[in-house]
Structures are given as C-alpha cells and as structure tokens.
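J.: I am sharing data-v5.cif, which consists of mmCIF, C-alpha atoms and all ligand atoms:
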```
data_entry
#
loop_
_atom_site.label_atom_id
_atom_site.label_comp_id
_atom_site.auth_asym_id
_atom_site.auth_seq_id
_atom_site.Cartn_x
_atom_site.Cartn_y
_atom_site.Cartn_z
CA MET A 594 -4.66 50.51 -35.49
CA LYS A 595 -3.91 50.99 -31.81
CA ALA A 596 -2.19 48.14 -30.01
CA TYR A 597 0.09 47.27 -27.15
CA GLN A 598 3.26 45.26 -27.55
CA ILE A 599 5.64 43.72 -25.07
CA GLN A 600 8.83 41.72 -25.16
CA ALA A 601 8.98 38.62 -22.94
CA GLY A 602 10.79 39.44 -19.71
CA ALA A 603 10.39 43.22 -20.05
CA GLY A 604 8.07 43.39 -17.03
CA ILE A 605 4.75 45.21 -16.87
CA ALA A 606 6.64 48.49 -17.38
CA GLY A 607 7.69 47.10 -20.78
CA LEU A 608 4.10 47.21 -22.05
CA GLU A 609 4.29 49.74 -24.87
CA ARG A 610 1.42 51.54 -26.60
CA VAL A 611 2.01 51.49 -30.39
CA GLU A 612 0.32 52.12 -33.74
CA ARG A 613 0.44 49.17 -36.10
CA PRO A 614 -0.67 48.93 -39.73
CA SER A 615 -4.01 47.22 -40.39
CA ARG A 616 -3.52 44.04 -42.44
CA ASP A 617 -5.80 42.38 -44.99
CA PRO A 618 -6.57 38.73 -44.23
CA GLY A 619 -4.88 36.03 -46.32
CA ALA A 620 -7.00 33.41 -48.12
CA HIS A 621 -7.69 31.33 -44.98
CA GLU A 622 -7.63 34.19 -42.46
CA ILE A 623 -10.20 36.47 -40.86
CA ARG A 624 -9.82 40.00 -39.50
CA VAL A 625 -11.51 40.55 -36.14
CA ARG A 626 -12.30 43.96 -34.60
CA VAL A 627 -11.46 43.18 -31.00
CA ASP A 628 -14.04 44.36 -28.45
CA ALA A 629 -12.59 42.85 -25.30
CA ALA A 630 -9.38 41.13 -24.19
CA ALA A 631 -9.04 39.33 -20.85
CA LEU A 632 -5.90 38.86 -18.77
CA ASN A 633 -4.58 35.61 -17.36
CA HIS A 634 -1.82 34.68 -14.95
CA ARG A 635 0.19 33.42 -17.98
CA ASP A 636 0.33 37.00 -19.30
CA LEU A 637 2.10 38.06 -16.10
CA SER A 638 4.45 35.09 -16.54
CA PHE A 639 5.17 36.22 -20.11
CA ALA A 640 5.93 39.77 -18.95
CA ARG A 641 8.21 38.36 -16.23
CA GLY A 642 10.11 36.16 -18.70
CA GLN A 643 8.77 32.92 -17.18
CA PHE A 644 6.87 31.63 -20.24
CA TYR A 645 8.12 28.91 -22.59
CA SER A 646 9.66 29.64 -26.03
CA PRO A 647 8.79 33.32 -26.43
CA PRO A 648 9.95 35.22 -29.52
CA SER A 649 12.98 37.49 -29.24
CA TYR A 650 11.00 40.54 -30.42
CA PRO A 651 7.93 42.37 -29.02
CA ILE A 652 4.48 40.95 -29.76
CA VAL A 653 0.90 41.99 -28.99
CA PRO A 654 0.09 40.24 -25.68
CA LEU A 655 -2.95 38.29 -24.35
CA VAL A 656 -4.65 35.15 -25.62
CA ASP A 657 -8.24 35.89 -24.54
CA GLY A 658 -10.32 37.93 -26.93
CA CYS A 659 -13.79 38.51 -28.32
CA GLY A 660 -14.83 40.62 -31.29
CA ASP A 661 -16.64 40.83 -34.61
CA VAL A 662 -15.40 39.49 -37.93
CA VAL A 663 -14.90 42.50 -40.21
CA ALA A 664 -13.20 40.84 -43.19
CA VAL A 665 -12.69 37.29 -44.45
CA GLY A 666 -10.15 35.80 -46.88
CA GLU A 667 -11.42 34.36 -50.17
CA ALA A 668 -11.13 30.71 -49.01
CA VAL A 669 -12.73 31.16 -45.57
CA THR A 670 -15.68 28.83 -44.88
CA ARG A 671 -16.14 28.87 -41.07
CA PHE A 672 -17.18 32.53 -40.63
CA LYS A 673 -18.77 35.49 -42.36
CA THR A 674 -18.54 39.23 -41.78
CA GLY A 675 -20.55 40.22 -38.71
CA ASP A 676 -20.03 36.96 -36.79
CA ARG A 677 -18.98 37.43 -33.17
CA VAL A 678 -16.02 35.17 -32.36
CA ILE A 679 -13.64 34.30 -29.55
CA THR A 680 -10.05 33.06 -29.83
CA SER A 681 -9.09 29.42 -29.36
CA TYR A 682 -6.09 29.03 -27.03
CA TYR A 683 -4.04 26.68 -29.23
CA PRO A 684 -4.85 27.38 -32.89
CA ARG A 685 -3.33 24.02 -33.96
CA TRP A 686 -5.16 21.91 -31.35
CA ILE A 687 -8.49 21.38 -33.03
CA ASP A 688 -9.54 18.09 -31.39
CA GLY A 689 -8.29 14.80 -29.98
CA ALA A 690 -5.27 14.20 -27.79
CA LEU A 691 -2.67 16.94 -27.55
CA SER A 692 0.79 16.67 -29.09
CA PRO A 693 3.88 18.89 -28.88
CA ASN A 694 3.05 20.31 -32.30
CA LYS A 695 -0.58 21.10 -31.39
CA THR A 696 0.44 23.01 -28.26
CA ALA A 697 3.62 24.63 -29.57
CA VAL A 698 2.11 28.06 -30.17
CA SER A 699 -0.61 30.27 -28.71
CA PHE A 700 -1.82 33.86 -29.08
CA GLY A 701 0.13 36.44 -27.12
CA ALA A 702 3.00 34.04 -26.45
CA GLN A 703 4.61 33.03 -29.75
CA PHE A 704 2.66 35.41 -32.03
CA ASP A 705 0.43 38.48 -31.79
CA GLY A 706 -2.48 38.28 -29.36
CA THR A 707 -5.63 40.23 -28.60
CA LEU A 708 -4.59 43.49 -26.90
CA ALA A 709 -5.12 45.50 -30.08
CA GLU A 710 -7.98 46.99 -32.06
CA GLU A 711 -7.67 44.27 -34.69
CA LEU A 712 -6.45 40.71 -34.95
CA VAL A 713 -5.79 38.82 -38.20
CA ALA A 714 -5.33 35.05 -37.92
CA SER A 715 -6.36 31.71 -39.41
CA GLU A 716 -10.09 31.00 -39.34
CA GLU A 717 -9.17 27.75 -37.55
CA ALA A 718 -8.09 29.81 -34.50
CA PHE A 719 -11.60 31.04 -33.59
CA VAL A 720 -15.04 29.77 -32.57
CA LEU A 721 -18.40 31.53 -32.47
CA ALA A 722 -18.89 33.37 -29.16
CA PRO A 723 -21.70 32.32 -26.80
CA ARG A 724 -24.91 34.09 -27.83
CA SER A 725 -25.85 34.71 -24.20
CA LEU A 726 -22.75 36.73 -23.25
CA ASP A 727 -21.53 40.25 -23.98
CA PRO A 728 -17.97 40.55 -25.38
CA ILE A 729 -16.48 41.35 -21.94
CA MET A 730 -17.67 38.06 -20.45
CA ALA A 731 -17.19 36.09 -23.68
CA ALA A 732 -13.51 37.11 -23.75
CA THR A 733 -12.88 35.03 -20.61
CA LEU A 734 -13.63 31.64 -22.19
CA PRO A 735 -10.48 30.84 -24.24
CA CYS A 736 -8.01 30.37 -21.36
CA ALA A 737 -9.56 30.20 -17.88
CA GLY A 738 -12.93 28.92 -19.14
CA VAL A 739 -11.62 26.09 -21.30
CA THR A 740 -9.01 25.12 -18.69
CA ALA A 741 -11.76 24.78 -16.08
CA TRP A 742 -13.85 22.76 -18.57
CA ASN A 743 -10.95 20.42 -19.34
CA ALA A 744 -10.11 20.04 -15.63
CA LEU A 745 -13.63 19.13 -14.56
CA PHE A 746 -15.17 17.22 -17.42
CA ILE A 747 -12.29 15.85 -19.51
CA ALA A 748 -9.26 15.24 -17.23
CA GLY A 749 -11.38 15.02 -14.05
CA ALA A 750 -14.31 13.17 -15.70
CA ILE A 751 -16.56 14.47 -12.93
CA LYS A 752 -20.23 13.47 -12.85
CA PRO A 753 -23.35 15.15 -11.44
CA GLY A 754 -23.44 14.44 -7.73
CA GLY A 755 -19.63 14.31 -7.55
CA SER A 756 -17.48 16.71 -5.54
CA VAL A 757 -14.70 19.14 -6.39
CA LEU A 758 -12.17 21.19 -4.43
CA LEU A 759 -11.26 24.55 -5.94
CA LEU A 760 -8.14 26.36 -4.71
CA GLY A 761 -8.41 30.14 -4.45
CA THR A 762 -10.74 32.53 -6.22
CA GLY A 763 -8.76 33.31 -9.37
CA GLY A 764 -10.02 33.08 -12.92
CA VAL A 765 -9.71 29.31 -13.42
CA SER A 766 -11.13 28.37 -10.02
CA LEU A 767 -14.20 30.60 -10.29
CA TRP A 768 -14.90 29.40 -13.82
CA ALA A 769 -14.70 25.86 -12.44
CA LEU A 770 -17.06 26.82 -9.61
CA GLN A 771 -19.68 28.15 -12.00
CA LEU A 772 -19.40 25.16 -14.37
CA ALA A 773 -19.45 22.63 -11.52
CA LYS A 774 -22.50 24.24 -9.95
CA ALA A 775 -24.38 24.10 -13.26
CA ALA A 776 -23.43 20.41 -13.56
CA GLY A 777 -24.80 19.51 -10.11
CA VAL A 778 -21.42 19.00 -8.47
CA PHE A 779 -20.72 19.62 -4.74
CA THR A 780 -18.17 22.45 -4.57
CA ILE A 781 -15.65 23.40 -1.88
CA VAL A 782 -13.79 26.69 -2.42
CA THR A 783 -10.72 27.88 -0.53
CA SER A 784 -9.40 31.43 -0.32
CA SER A 785 -7.02 33.57 1.72
CA GLN A 786 -9.83 36.05 2.41
CA ASP A 787 -13.22 35.64 4.10
CA GLU A 788 -14.74 38.38 1.98
CA LYS A 789 -13.84 36.48 -1.20
CA LEU A 790 -15.23 33.29 0.32
CA GLU A 791 -18.58 34.98 0.96
CA ARG A 792 -18.62 36.09 -2.68
CA ALA A 793 -17.83 32.50 -3.70
CA ARG A 794 -20.76 31.33 -1.59
CA SER A 795 -23.07 33.74 -3.37
CA LEU A 796 -21.83 32.28 -6.67
CA GLY A 797 -22.96 28.87 -5.44
CA ALA A 798 -20.08 27.34 -3.44
CA ASN A 799 -21.49 24.63 -1.14
CA ALA A 800 -18.66 24.92 1.39
CA ILE A 801 -15.84 27.40 1.98
CA VAL A 802 -12.46 27.18 3.73
CA ASN A 803 -10.02 29.98 4.56
CA TYR A 804 -6.62 28.42 3.72
CA ARG A 805 -4.73 31.19 5.51
CA ASN A 806 -6.52 30.68 8.84
CA ASN A 807 -6.56 26.89 8.34
CA PRO A 808 -3.06 25.95 7.11
CA GLU A 809 -4.07 22.26 7.27
CA TRP A 810 -7.12 22.90 5.12
CA GLN A 811 -7.06 19.36 3.71
CA ASP A 812 -8.39 18.17 7.11
CA GLU A 813 -11.32 20.58 6.79
CA VAL A 814 -12.03 19.24 3.29
CA LEU A 815 -12.05 15.68 4.62
CA GLN A 816 -14.47 16.70 7.38
CA LEU A 817 -16.74 18.44 4.87
CA THR A 818 -16.88 15.20 2.84
CA GLU A 819 -17.45 12.96 5.87
CA GLY A 820 -13.91 11.60 5.70
CA VAL A 821 -14.26 10.48 2.08
CA GLY A 822 -12.38 13.25 0.22
CA VAL A 823 -13.32 14.89 -3.06
CA ASP A 824 -13.53 13.32 -6.52
CA VAL A 825 -11.53 16.08 -8.22
CA VAL A 826 -9.11 18.80 -7.12
CA VAL A 827 -8.51 21.78 -9.39
CA GLU A 828 -4.89 22.30 -8.28
CA VAL A 829 -3.60 25.77 -9.17
CA GLY A 830 -1.20 26.23 -6.23
CA GLY A 831 1.86 23.95 -6.36
CA GLU A 832 4.22 24.57 -3.48
CA GLY A 833 2.50 24.00 -0.15
CA THR A 834 -0.73 22.88 -1.81
CA LEU A 835 -0.06 19.83 -3.99
CA ALA A 836 0.66 17.38 -1.18
CA ARG A 837 -2.41 18.69 0.71
CA SER A 838 -4.56 18.35 -2.40
CA LEU A 839 -3.50 14.71 -2.60
CA GLU A 840 -4.73 14.20 0.96
CA ALA A 841 -7.99 16.02 0.21
CA ALA A 842 -8.78 13.75 -2.76
CA GLY A 843 -10.75 10.58 -2.08
CA SER A 844 -9.90 7.05 -3.24
CA GLY A 845 -9.78 7.00 -7.02
CA GLY A 846 -9.86 10.80 -7.02
CA THR A 847 -8.11 12.97 -9.59
CA ILE A 848 -5.83 15.90 -8.83
CA VAL A 849 -5.76 18.05 -11.96
CA VAL A 850 -2.49 19.99 -11.93
CA ILE A 851 -2.98 23.34 -13.62
CA GLY A 852 -0.73 26.00 -12.14
CA ARG A 853 1.78 27.08 -9.57
CA VAL A 854 0.61 30.38 -8.15
CA SER A 855 2.28 29.48 -4.86
CA GLY A 856 5.52 28.31 -6.56
CA GLY A 857 6.83 25.09 -8.07
CA GLY A 858 10.26 24.68 -6.51
CA GLY A 859 9.74 23.04 -3.16
CA VAL A 860 7.08 20.48 -4.13
CA SER A 861 7.69 16.97 -2.88
CA ILE A 862 5.23 14.12 -3.01
CA GLU A 863 5.35 10.85 -1.14
CA PRO A 864 4.48 8.10 -3.72
CA GLY A 865 2.35 6.33 -1.11
CA ALA A 866 -0.01 9.32 -1.13
CA LEU A 867 -1.02 8.26 -4.63
CA ILE A 868 -0.68 4.50 -4.38
CA GLY A 869 -2.85 3.76 -1.34
CA GLY A 870 -5.98 5.47 -2.60
CA ALA A 871 -5.25 4.76 -6.29
CA LYS A 872 -5.34 8.50 -6.94
CA ARG A 873 -4.54 10.08 -10.28
CA LEU A 874 -2.28 13.11 -10.78
CA VAL A 875 -2.98 14.65 -14.20
CA GLY A 876 -1.46 17.77 -15.74
CA ILE A 877 -3.43 19.74 -18.30
CA THR A 878 -2.78 22.68 -20.56
CA ALA A 879 -5.79 24.81 -21.59
CA GLY A 880 -7.91 22.81 -24.05
CA SER A 881 -8.70 22.04 -27.68
CA ARG A 882 -11.00 24.00 -29.96
CA ALA A 883 -13.53 21.15 -29.66
CA MET A 884 -13.54 21.61 -25.85
CA LEU A 885 -14.04 25.35 -26.30
CA GLU A 886 -17.05 24.68 -28.54
CA GLN A 887 -18.52 22.35 -25.90
CA LEU A 888 -17.98 25.08 -23.30
CA VAL A 889 -19.72 27.68 -25.48
CA ARG A 890 -22.80 25.43 -25.76
CA PHE A 891 -22.79 24.69 -22.02
CA VAL A 892 -22.58 28.41 -21.20
CA ASP A 893 -25.49 29.24 -23.50
CA VAL A 894 -27.67 26.36 -22.28
CA ASN A 895 -27.03 27.12 -18.60
CA GLN A 896 -26.93 30.93 -18.95
CA ILE A 897 -23.64 31.16 -17.08
CA ASN A 898 -22.29 34.69 -16.55
CA PRO A 899 -18.59 34.27 -15.72
CA ALA A 900 -17.34 36.26 -12.72
CA VAL A 901 -15.69 39.40 -14.07
CA ASP A 902 -14.06 41.37 -11.28
CA LYS A 903 -12.96 44.54 -13.01
CA VAL A 904 -12.96 46.05 -16.50
CA PHE A 905 -10.28 48.53 -17.58
CA PRO A 906 -10.40 50.85 -20.62
CA PHE A 907 -7.81 50.25 -23.35
CA ASP A 908 -5.67 53.20 -22.25
CA ALA A 909 -5.40 51.68 -18.75
CA ALA A 910 -4.22 48.20 -19.85
CA PRO A 911 -0.98 48.51 -17.78
CA SER A 912 -3.17 49.15 -14.70
CA ALA A 913 -5.07 45.96 -15.50
CA TYR A 914 -1.77 44.05 -15.41
CA GLU A 915 -0.83 45.70 -12.09
CA TYR A 916 -4.25 44.92 -10.64
CA LEU A 917 -3.95 41.23 -11.56
CA ALA A 918 -0.40 41.10 -10.19
CA GLY A 919 -1.66 42.62 -6.91
CA GLY A 920 -3.89 39.56 -6.31
CA ARG A 921 -6.93 41.50 -5.10
CA HIS A 922 -9.12 40.24 -7.94
CA PHE A 923 -12.03 37.84 -7.63
CA GLY A 924 -12.39 36.15 -11.03
CA LYS A 925 -11.47 37.79 -14.30
CA VAL A 926 -9.77 41.08 -15.18
CA VAL A 927 -10.75 42.35 -18.64
CA VAL A 928 -9.71 45.21 -20.95
CA ASP A 929 -12.54 46.89 -22.86
CA VAL A 930 -10.74 47.60 -26.12
CA ARG A 931 -13.58 49.90 -27.32
CA ALA A 932 -13.47 52.16 -24.24
N1 LIG A 1001 -2.44 24.63 -17.26
C1 LIG A 1001 -3.12 25.56 -17.90
O1 LIG A 1001 -3.56 25.38 -19.02
C2 LIG A 1001 -3.42 26.84 -17.21
C3 LIG A 1001 -4.47 27.66 -17.67
C4 LIG A 1001 -4.79 28.80 -16.93
C5 LIG A 1001 -4.05 29.10 -15.80
N2 LIG A 1001 -3.01 28.30 -15.45
C6 LIG A 1001 -2.23 28.55 -14.24
O2 LIG A 1001 -3.12 28.33 -13.15
C7 LIG A 1001 -2.84 29.24 -12.11
C8 LIG A 1001 -4.09 30.05 -11.81
O3 LIG A 1001 -4.41 30.84 -12.92
P1 LIG A 1001 -5.52 31.97 -12.81
O4 LIG A 1001 -5.55 32.65 -14.15
O5 LIG A 1001 -6.78 31.43 -12.25
O6 LIG A 1001 -4.80 32.92 -11.76
P2 LIG A 1001 -5.37 34.16 -10.96
O7 LIG A 1001 -6.65 34.62 -11.52
O8 LIG A 1001 -4.23 35.13 -10.86
O9 LIG A 1001 -5.70 33.57 -9.52
C9 LIG A 1001 -4.73 33.25 -8.60
C10 LIG A 1001 -5.44 32.87 -7.30
O10 LIG A 1001 -4.73 31.83 -6.69
C11 LIG A 1001 -5.05 31.83 -5.33
N3 LIG A 1001 -3.90 31.40 -4.56
C12 LIG A 1001 -2.70 31.97 -4.42
N4 LIG A 1001 -1.92 31.27 -3.58
C13 LIG A 1001 -2.67 30.23 -3.16
C14 LIG A 1001 -2.45 29.14 -2.27
N5 LIG A 1001 -1.30 29.00 -1.63
N6 LIG A 1001 -3.45 28.27 -2.09
C15 LIG A 1001 -4.62 28.38 -2.74
N7 LIG A 1001 -4.89 29.40 -3.59
C16 LIG A 1001 -3.92 30.29 -3.80
C17 LIG A 1001 -5.49 33.24 -4.96
O11 LIG A 1001 -6.82 33.15 -4.45
P3 LIG A 1001 -7.33 33.97 -3.16
O12 LIG A 1001 -7.02 35.42 -3.46
O13 LIG A 1001 -8.77 33.67 -3.09
O14 LIG A 1001 -6.56 33.45 -1.99
C18 LIG A 1001 -5.45 33.98 -6.30
O15 LIG A 1001 -6.54 34.82 -6.50
C19 LIG A 1001 -1.64 30.06 -12.59
O16 LIG A 1001 -0.45 29.47 -12.14
C20 LIG A 1001 -1.74 29.97 -14.10
O17 LIG A 1001 -0.51 30.18 -14.74
C21 LIG A 1001 -2.68 27.18 -16.13
#
```
For this file, produce the structure as structure tokens.
T.:
Amino acid sequence: MKAYQIQAGAGIAGLERVERPSRDPGAHEIRVRVDAAALNHRDLSFARGQFYSPPSYPIVPLVDGCGDVVAVGEAVTRFKTGDRVITSYYPRWIDGALSPNKTAVSFGAQFDGTLAEELVASEEAFVLAPRSLDPIMAATLPCAGVTAWNALFIAGAIKPGGSVLLLGTGGVSLWALQLAKAAGVFTIVTSSQDEKLERARSLGANAIVNYRNNPEWQDEVLQLTEGVGVDVVVEVGGEGTLARSLEAAGSGGTIVVIGRVSGGGGVSIEPGALIGGAKRLVGITAGSRAMLEQLVRFVDVNQINPAVDKVFPFDAAPSAYEYLAGGRHFGKVVVDVRA
C-alpha cells in the first residue's frame, strides 16, 4: 500500500513517500481503507521536532482520518465490513477524566497515523463517521472538531445564550464557531485578515475583530459585550494573547488554553487577573472517544459542514503541509487519499 512516513524533527522535507506491506487485522483490530486524512498544527510540530515523546524511527503521520472498514479481526464487535469510521484522537481515552496513561499515545505521533491507503488498529480507536458528511469533512472531527467540542461544552460548560471569543480562523477556532453557532451562543471571532473575518461572518460570527489592526483587541471584546466580557475564550495563541484573553473574559468566565500558535515562551500572567473576577484557566488536550461520539451526533442533528479550506491529492501531501505552515488557510486542510 502507498503511504508517507516521517521521522520527528525531519522537517516537511523529511516527508517520504513509501510502499508498505498491507497487514491483516489482529483479533481485536480493524483494517480501514483511508479515504481522507486531515492536517493539524500538531503535525507541523511533529515534523519540526516539537512534539512530546515521538518514536526514534519514521512513522506514518497524521491523526485525522476517515475511511471504510475493509476487514475485521475475529473478536471485533464494534464494527463490520463496510462501516465508515473516523479515528479517535487518543485510542486509550474512551471516557471519563483523562490520565497520563489515557493520553500517552495518539495516531501519527507515537504510532502510525492516517496518511496511508490503509490503517490497521484496535477497534477501540474508531467511531462511526457522521452520516451527513463526506469523508473529506468527516476527517476533520478527531482533532480540531473534538478539541472545539471539549473547549466549549465540557471545559467551558457554555450554555445557549452564552458568549465565546475565538482567536484566529484556524481549524480549532472555526470548528468552535460552527458548533457555538448551532448551540445558540454569541460568537466573536478575531483574525489578522479582514478577508478571513468576512468569511467568518458568513459562517455565522456575530462580531469580528482584526487583532492586527487592533493590538488591544480585548478592549474591543469588552465593548462588544457591553463591558461584561465573554463566558468562554478558546485560547489558541499563547504569547501576546493569554493575558488579553484573561481581560476579555467576564467574571466567572473560563479561558480554555489549547495552543500556542503565537509562542509559549514570554507568557506572564498577573494572578490578580484571575482572582478578582474569579476566572478559570483550564488546559485541555483533544478529547475522549465519548466526546467524539457526542460531536458526531451533534454534527448530524445540526447538519454542520465543517469549513474545509483546501483539499490536496495524495501525491501532493507535502504541499498540504507547506500550505498549512504558510498560514493562509481558513479552516481545515485535507488530503484526499483516493485522488
Ligand atoms: N490542546 C489540544 O488538544 C489541541 C488540539 C488542536 C490544536 N491545538 C493547538 O491549538 C493551536 C491551533 O491549532 P489549529 O489546528 O487550529 O491551528 P491552525 O489551523 O494552524 O490555525 C492557526 C491560526 O491561529 C491564528 N493565529 C496566529 N497567531 C495568532 C495570534 N497572535 N492571535 C490570534 N490568532 C492567531 C491564525 O488565524 P488568522 O490567520 O485568522 O489570523 C491561524 O490561522 C495550535 O497551537 C495547536 O497545536 C491543541
């Protein structure tokens, strides 16, 4: 079967097209013919050698994938041949609170991921794909989708009529925009580009702020919420954004810390910024399989079509990496493994 492999730290240029043998599933495993694989910021981090505990040998990259079950092991009970499935980010995190063991390994980081024609893994590591989505869109749920779900509804515990601030127009933030809109939440989206902000508005953003033209964008957020601040911030920035996100959150608000696209080094927080308004700072990492199943149902019920910016054919997977690294994308970048 055709596949890509990469060693952590090898850079995008280290992405290598290879032929790998097809493998029969073990008793509790399924074999999936991968139709689509989506990229995430973490895949760039892996290529750059910035991801935790990578193996010392090349693996198939990417965690996001959607495809059809083509073979099942003799003890498999969750799936049958012909089912369309998506990967679950942490195969060991089925439900409940996370633990170091549950989040120790994920596809395309500690073992083979989805950028290949086939994927063989435990049946526990998959869920049925949303019926309402094609494989390209369905492939975007396991990382960005479930992270947005966790941020809004689990860690952020947001309610209809609440308000959320979304930083930038990357994969996680736009997933959060689409989920929040469907849940009746007031949404404020920031971006470095007006053109992206207009696209965010057409996806349902209630208010938009250009963070490049308004370096003190937290003031704008306070104005937009009549001085109250938002209930939840989906904080993907880090350096230069975290302290501002704290200001933009209202009393009792939650800042869900997800990423550090703007860097993590120079972050400093004044404790009083949390104490006075009794604000909560909560880190999250992707989500459990149970959260992914909730997300699948929500997507089907609300007919949500996640924002896919660009689809690359399998042969052009390195260009997909370069495109994501260039930061021009609006939403998800996906590889069509069949094309
Ligand atoms: N904790 C987790 O489980 C988890 C899961 C997924 C992702 N992440 C992390 O979350 C972050 C975002 O991931 P992603 O996949 O959504 O990335 P992405 O698709 O590459 O999006 C990055 C976006 O961040 C925005 N951005 C950059 N600098 C910014 C700044 N100073 N202020 C506000 N926005 C800024 C840009 O938006 P504009 O172009 O509109 O300006 C850019 O498009 C990454 O650090 C990733 O590693 C963590």
J.: Within 12 Å of (-9.2, 31.1, 9.7), in the coordinates the file gives, what residues turn up when you count all atoms listed in the file, written out as a list in words?
T.: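 Those within range, by chain then number, are Thr783, Ser784, Ser785, Gln786, Asp787, Glu788, Leu790, Ile801, Val802, Asn803, Tyr804, Arg805, Asn806, Asn807, Pro808, Glu809, Trp810 and Glu813 of chain A.
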J.: Excluding region 626-631 of chain A and any residue of its chain fewer than 5 positions from it, enumerate the residues within 9 Å of it, using all atoms listed in the file, and give them as number ranges by chain.
T.: A: 655-663, 707-712, 728-733, 904, 925-932
J.: With distances taken over only C-alpha atoms and all ligand atoms, which residue among A:Gly869, A:Gly924, A:Pro647, A:Gly689 lies nearest ligand LIG 1001 (chain A)?
T.: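 Between A:Gly869, A:Gly924, A:Pro647, A:Gly689, the residue approaching ligand LIG 1001 (chain A) most closely is A:Gly924.
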J.: Any residue with an atom at most 7 Å from ligand LIG 1001 (chain A) counts, using all atoms listed in the file. Which are they? Put them as a ChimeraX atom specification.
T.: /A:633-635,736-737,740,760-766,783-786,789,804,829-830,833-834,851-855,877-879,917,920-925
J.: Rounded to one decimal, what separation in Å do you get between CA of Ser692 (chain A) and CA of Val849 (chain A)?
T.: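 Rounded to one decimal, the two atoms are 18.4 Å apart.
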J.: May I ask for the distance between CA of Asn799 (chain A) and CA of Gln771 (chain A), given in Å to one decimal place?
T.: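 The value is 11.6 Å.
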J.: Please report the interatomic distance between CA of Gly845 (chain A) and CA of Gly822 (chain A) in Å with one decimal.
T.: 9.9 Å
J.: Give the answer as one residue: which of A:Leu734, A:Thr818, A:Ser646, A:Ala722 has the shortest atom-to-atom distance to Ala697 (chain A), using all atoms listed in the file?
T.: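 Under the stated criterion, the closest residue is A:Ser646.
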J.: Need to verify the contact set: Ser912 (chain A), 12 Å, only C-alpha atoms, exclusion of same-chain residues closer than 4 positions in sequence. Can you return it as a PyMOL selection string?
T.: chain A and resi 605-606+608+632+903-908+916-919+926-928
J.: Which neighbours of Ala841 (chain A) fall inside 8 Å, counting all atoms listed in the file, when residues of the same chain fewer than 2 positions from it are skipped, and could you give them as a PDB file with C-alpha atoms, keeping the file's coordinate frame?
T.:
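Listing of selection-v1.pdb after writing:
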```pdb
ATOM      1  CA  GLN A 811      -7.060  19.360   3.710  1.00  0.00           C
ATOM      2  CA  ASP A 812      -8.390  18.170   7.110  1.00  0.00           C
ATOM      3  CA  VAL A 814     -12.030  19.240   3.290  1.00  0.00           C
ATOM      4  CA  LEU A 815     -12.050  15.680   4.620  1.00  0.00           C
ATOM      5  CA  GLY A 822     -12.380  13.250   0.220  1.00  0.00           C
ATOM      6  CA  VAL A 823     -13.320  14.890  -3.060  1.00  0.00           C
ATOM      7  CA  VAL A 826      -9.110  18.800  -7.120  1.00  0.00           C
ATOM      8  CA  ARG A 837      -2.410  18.690   0.710  1.00  0.00           C
ATOM      9  CA  SER A 838      -4.560  18.350  -2.400  1.00  0.00           C
ATOM     10  CA  LEU A 839      -3.500  14.710  -2.600  1.00  0.00           C
ATOM     11  CA  GLY A 843     -10.750  10.580  -2.080  1.00  0.00           C
TER      12      GLY A 843
END
```
